[in-house]
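Some notes on the structure that comes next.
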Amino acid sequence: RKVRKKMDDEAPNAPPQLNATLTKTVISGKRARHHLFLTGILAILCLLGVFFPSSAEFFALIPANTAMVKFRFWNLLTAAYFENSLFMGVLNTAVALLVGRMLERKWGVEFLKLMVAVNLTTMIIVFIIMIGCYATTMSDTFLFSPICGFSAANAAFGVALKQLAPNQKCVASIEQVKFKDIPIIVIGCSLGCYMIGLTEFKDLLLVMFGTYFGWLYLRYFMSYPGSSIKGDNSEEFAFKTLFPGYTRPFGALLGNISFALCEMCGFCKVVDTPDVEMGVTNVKPSVSIPDVPQATSEAERQMAERRRQLAFKAINERLEQLKKQQASKKAAASTKEGTQKIAVADPKTKAAKD
């Protein structure tokens with residue numbers, strides 16, 4: 001605690017991006033406009049689906065129409081932006097407007113790449129699952145039930161907020177609920193709605209795979225502005241951190257499997273890093289260095305490096321103080337021992353003189 005306090009006192013003022021978890025302004029950056037175009041498309045297609053239900057034949061993902069009867073493969077792209085439920089349409093559009101604005105100001109058009117990648121991969125996986133369910137049960141419901149909605153992308157946006165500002169409070173008056181809790185809250189609500197019959201199995205799949213593919217893209221494929229390295233390999237963004245404490249071993253297993261698959265496909269590789277940096281030696285294992293959040297811009301990298309240097313400096317100073325204290329104790333013990341020997345020898349000297 002003393003090391004962290006000293007580090008914070010000596011560190012200069014961090015840029016707004018690094019102080020996101022300490023201020024009310026979570027994301028700052030350039031003016032954003034693409035999210036307005038996105039929300040406009042979502043609103044138009046929602047109204048189209050609500051007032052003209054037959055339009056689902058052309059925009060929603062219906063497995064039979066997509067690959068068996070009419071071969072409308074474009075539905076894999078359009079289904080995520082089409083909605084035939086007014087409530088879900090309003091909810092998804094509002095989330096895309098609010099969160100999309102923050103992400104666009106931070107990442108620019110990269111947030112659109114995240115959205116497209118998550119929506120497309122999710123729709124492909126859900127399509128395969130529906131075909132598999134039909135082959136297993138022979139129920140026509142899996143072939144002709146329309147699949148649509150922006151839930152997958154919004155779930156991925158929740159993962160992005162968790163990455164950018166994990167300790168930011170969602171509601172100012174509620175201390176316990178923070179951005180890092182958004183993914184598990186979204187999955188829990190979707191599972192609860194499915195169990196009580198408010199939503200269908202396909203809606204639960206959209207949220208679950210949207211969360212997973214959102215994390216996968218941000219972890220291994222995202223090109224962050226100001227950084228030449230793709231992805232975020234920080235421990236704070238490991239897949240297990242999306243889960244509550246007692247289920248993290250399961251999350252760690254899924255994360256390891258994901259990494260193994262990505263490594264097998266050549267998307268990522270293991271990089272060995274030295275355990276001791278910047279020439280610091282003689283650091284006891286019990287001394288830990290405070291975590292520094294991964295930087296995604298030059299200013300953030302400089303700040304992270306500055307904080308790390310201050311941490312090492314404070315630790316070395318502490319170790320030097322401990323060495324001096326130990327040396328002082330040894331010197332005091334030696335002086336005390338010498339005094340006792342002289343006191344014992346005094347009676348013999350006095351007897352010799354007599």
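The way I read the labels, and the way they are meant: chains A, B, ... in the order of the structure tokens, residue 1 as the first residue of every chain, and ligand 1 as the first ligand shown, with later ones counted on from there.
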For region 135-226 of chain A versus region 66-77 of chain A, which residues have an atom no more than 10 Å away, and what is each residue's nearest atom pair and distance in Å rounded to one decimal, using only C-alpha atoms, chain-then-number order, as a tab-separated table?
```
residue	atom	partner	partner_atom	distance
A:Leu143	CA	A:Met68	CA	9.3
A:Ile147	CA	A:Asn75	CA	9.5
A:Cys148	CA	A:Asn75	CA	9.3
```
Next, the residues of the selection above should be written as a compact mmCIF listing (two decimals), in the first residue's frame with N, CA and C atoms.
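That gives us part-v9.txt:
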```txt
# COMPACT_ATOMS: atom_id res chain seq x y z
N LEU A 143 -36.03 -24.62 -38.54
CA LEU A 143 -35.76 -24.24 -39.93
C LEU A 143 -36.48 -22.97 -40.35
N ILE A 147 -34.50 -15.55 -37.20
CA ILE A 147 -33.48 -15.16 -36.23
C ILE A 147 -33.00 -13.76 -36.60
N CYS A 148 -33.10 -12.84 -35.68
CA CYS A 148 -32.71 -11.46 -35.97
C CYS A 148 -32.46 -10.72 -34.66
```
- Message: When you look at Asn84 (chain A) with a cut-off of 7 Å (counting only C-alpha atoms), what residues show up, excluding the ones that are within fewer than 4 positions of it in the same chain? I need them as a VMD selection string.
- Response: chain A and resid 46 49 to 50 53
- strand (DSSP E or B) residues, from DSSP on the backbone, in region 131-330 of chain A, as a PyMOL selection string: chain A and resi 147+169+178+223+230
- region 111-185 of chain A: residues DSSP assigns to alpha helix (DSSP H), reported as JSON, numbers by chain: {"A": [111, 112, 113, 114, 115, 116, 117, 118, 119, 120, 121, 122, 123, 124, 125, 126, 127, 128, 129, 130, 131, 132, 133, 134, 135, 136, 137, 141, 142, 143, 144, 151, 152, 153, 154, 155, 156, 157, 158, 159, 160, 161, 162, 163, 164, 182, 183, 184, 185]}
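Considering only C-alpha atoms, the residue among A:Ser151, A:Thr335, A:Ser227, A:Gln163 positioned nearest to Val90 (chain A) is A:Ser151.
For the residues A:Leu38, A:Met264, A:Leu204, A:Ala165, ranking by smallest atom-to-atom distance to Val116 (chain A) using only C-alpha atoms places A:Leu38 first.
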- Task: Please provide as an MDAnalysis selection string all residues within 12 Å of His34 (chain A), with the sequence filter that same-chain residues fewer than 2 positions apart are discarded (counting only C-alpha atoms).
- Result: chainID A and resid 30:32 36:41 96:97 100:105 107:113
Selection above as a file: N, CA, C and O atoms, as a compact mmCIF listing (two decimals), in the first residue's frame:
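This is the output file result_10.txt:
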```txt
# COMPACT_ATOMS: atom_id res chain seq x y z
N LYS A 30 -12.34 12.00 -30.39
CA LYS A 30 -12.87 12.82 -31.47
C LYS A 30 -14.39 12.72 -31.55
O LYS A 30 -15.00 11.83 -31.00
N ARG A 31 -14.95 13.67 -32.26
CA ARG A 31 -16.39 13.68 -32.44
C ARG A 31 -16.83 12.46 -33.23
O ARG A 31 -16.21 12.08 -34.23
N ALA A 32 -17.91 11.83 -32.80
CA ALA A 32 -18.36 10.57 -33.40
C ALA A 32 -19.65 10.79 -34.19
O ALA A 32 -20.56 11.50 -33.74
N LEU A 36 -24.44 7.33 -35.25
CA LEU A 36 -25.75 7.90 -35.60
C LEU A 36 -26.31 7.21 -36.84
O LEU A 36 -27.52 6.92 -36.91
N PHE A 37 -25.45 6.97 -37.81
CA PHE A 37 -25.88 6.25 -39.01
C PHE A 37 -26.31 4.83 -38.66
O PHE A 37 -27.32 4.33 -39.18
N LEU A 38 -25.59 4.19 -37.76
CA LEU A 38 -25.94 2.84 -37.31
C LEU A 38 -27.30 2.82 -36.63
O LEU A 38 -28.14 1.96 -36.95
N THR A 39 -27.51 3.72 -35.70
CA THR A 39 -28.80 3.74 -34.99
C THR A 39 -29.95 4.08 -35.93
O THR A 39 -31.07 3.59 -35.76
N GLY A 40 -29.67 4.89 -36.95
CA GLY A 40 -30.71 5.18 -37.93
C GLY A 40 -31.12 3.93 -38.69
O GLY A 40 -32.32 3.68 -38.91
N ILE A 41 -30.15 3.13 -39.10
CA ILE A 41 -30.46 1.87 -39.80
C ILE A 41 -31.24 0.92 -38.89
O ILE A 41 -32.22 0.30 -39.33
N ALA A 96 -27.11 0.82 -28.65
CA ALA A 96 -26.17 1.11 -29.74
C ALA A 96 -25.87 2.60 -29.82
O ALA A 96 -24.74 3.00 -30.11
N LEU A 97 -26.86 3.43 -29.55
CA LEU A 97 -26.66 4.89 -29.59
C LEU A 97 -25.73 5.35 -28.48
O LEU A 97 -24.79 6.11 -28.72
N GLY A 100 -22.29 2.96 -28.52
CA GLY A 100 -21.60 3.16 -29.78
C GLY A 100 -20.90 4.51 -29.85
O GLY A 100 -19.81 4.64 -30.40
N ARG A 101 -21.51 5.52 -29.27
CA ARG A 101 -20.89 6.86 -29.25
C ARG A 101 -19.59 6.85 -28.47
O ARG A 101 -18.58 7.41 -28.92
N MET A 102 -19.60 6.20 -27.30
CA MET A 102 -18.38 6.14 -26.49
C MET A 102 -17.28 5.35 -27.19
O MET A 102 -16.12 5.77 -27.21
N LEU A 103 -17.65 4.21 -27.77
CA LEU A 103 -16.64 3.38 -28.42
C LEU A 103 -16.08 4.03 -29.67
O LEU A 103 -14.89 3.92 -29.97
N GLU A 104 -16.92 4.74 -30.42
CA GLU A 104 -16.43 5.40 -31.63
C GLU A 104 -15.48 6.55 -31.28
O GLU A 104 -14.49 6.78 -31.97
N ARG A 105 -15.76 7.27 -30.21
CA ARG A 105 -14.88 8.35 -29.80
C ARG A 105 -13.53 7.82 -29.34
O ARG A 105 -12.51 8.50 -29.44
N TRP A 107 -12.22 4.55 -30.38
CA TRP A 107 -11.59 3.70 -31.39
C TRP A 107 -11.83 4.14 -32.82
O TRP A 107 -11.22 3.57 -33.73
N GLY A 108 -12.71 5.08 -33.06
CA GLY A 108 -13.02 5.45 -34.44
C GLY A 108 -13.81 4.36 -35.13
O GLY A 108 -14.68 3.70 -34.54
N VAL A 109 -13.50 4.12 -36.40
CA VAL A 109 -14.25 3.13 -37.18
C VAL A 109 -13.93 1.71 -36.76
O VAL A 109 -14.58 0.76 -37.23
N GLU A 110 -12.93 1.51 -35.89
CA GLU A 110 -12.60 0.17 -35.43
C GLU A 110 -13.77 -0.47 -34.70
O GLU A 110 -13.92 -1.70 -34.70
N PHE A 111 -14.61 0.35 -34.06
CA PHE A 111 -15.75 -0.23 -33.36
C PHE A 111 -16.75 -0.80 -34.35
O PHE A 111 -17.48 -1.75 -34.03
N LEU A 112 -16.81 -0.24 -35.58
CA LEU A 112 -17.68 -0.80 -36.60
C LEU A 112 -17.16 -2.16 -37.07
O LEU A 112 -17.94 -3.07 -37.35
N LYS A 113 -15.83 -2.30 -37.15
CA LYS A 113 -15.25 -3.61 -37.51
C LYS A 113 -15.58 -4.65 -36.45
O LYS A 113 -15.90 -5.80 -36.78
```
- Return the single residue from A:Pro225, A:Pro166, A:Pro244, A:Pro146 that is closest to Ile187 (chain A), with distances computed using only C-alpha atoms. A:Pro244
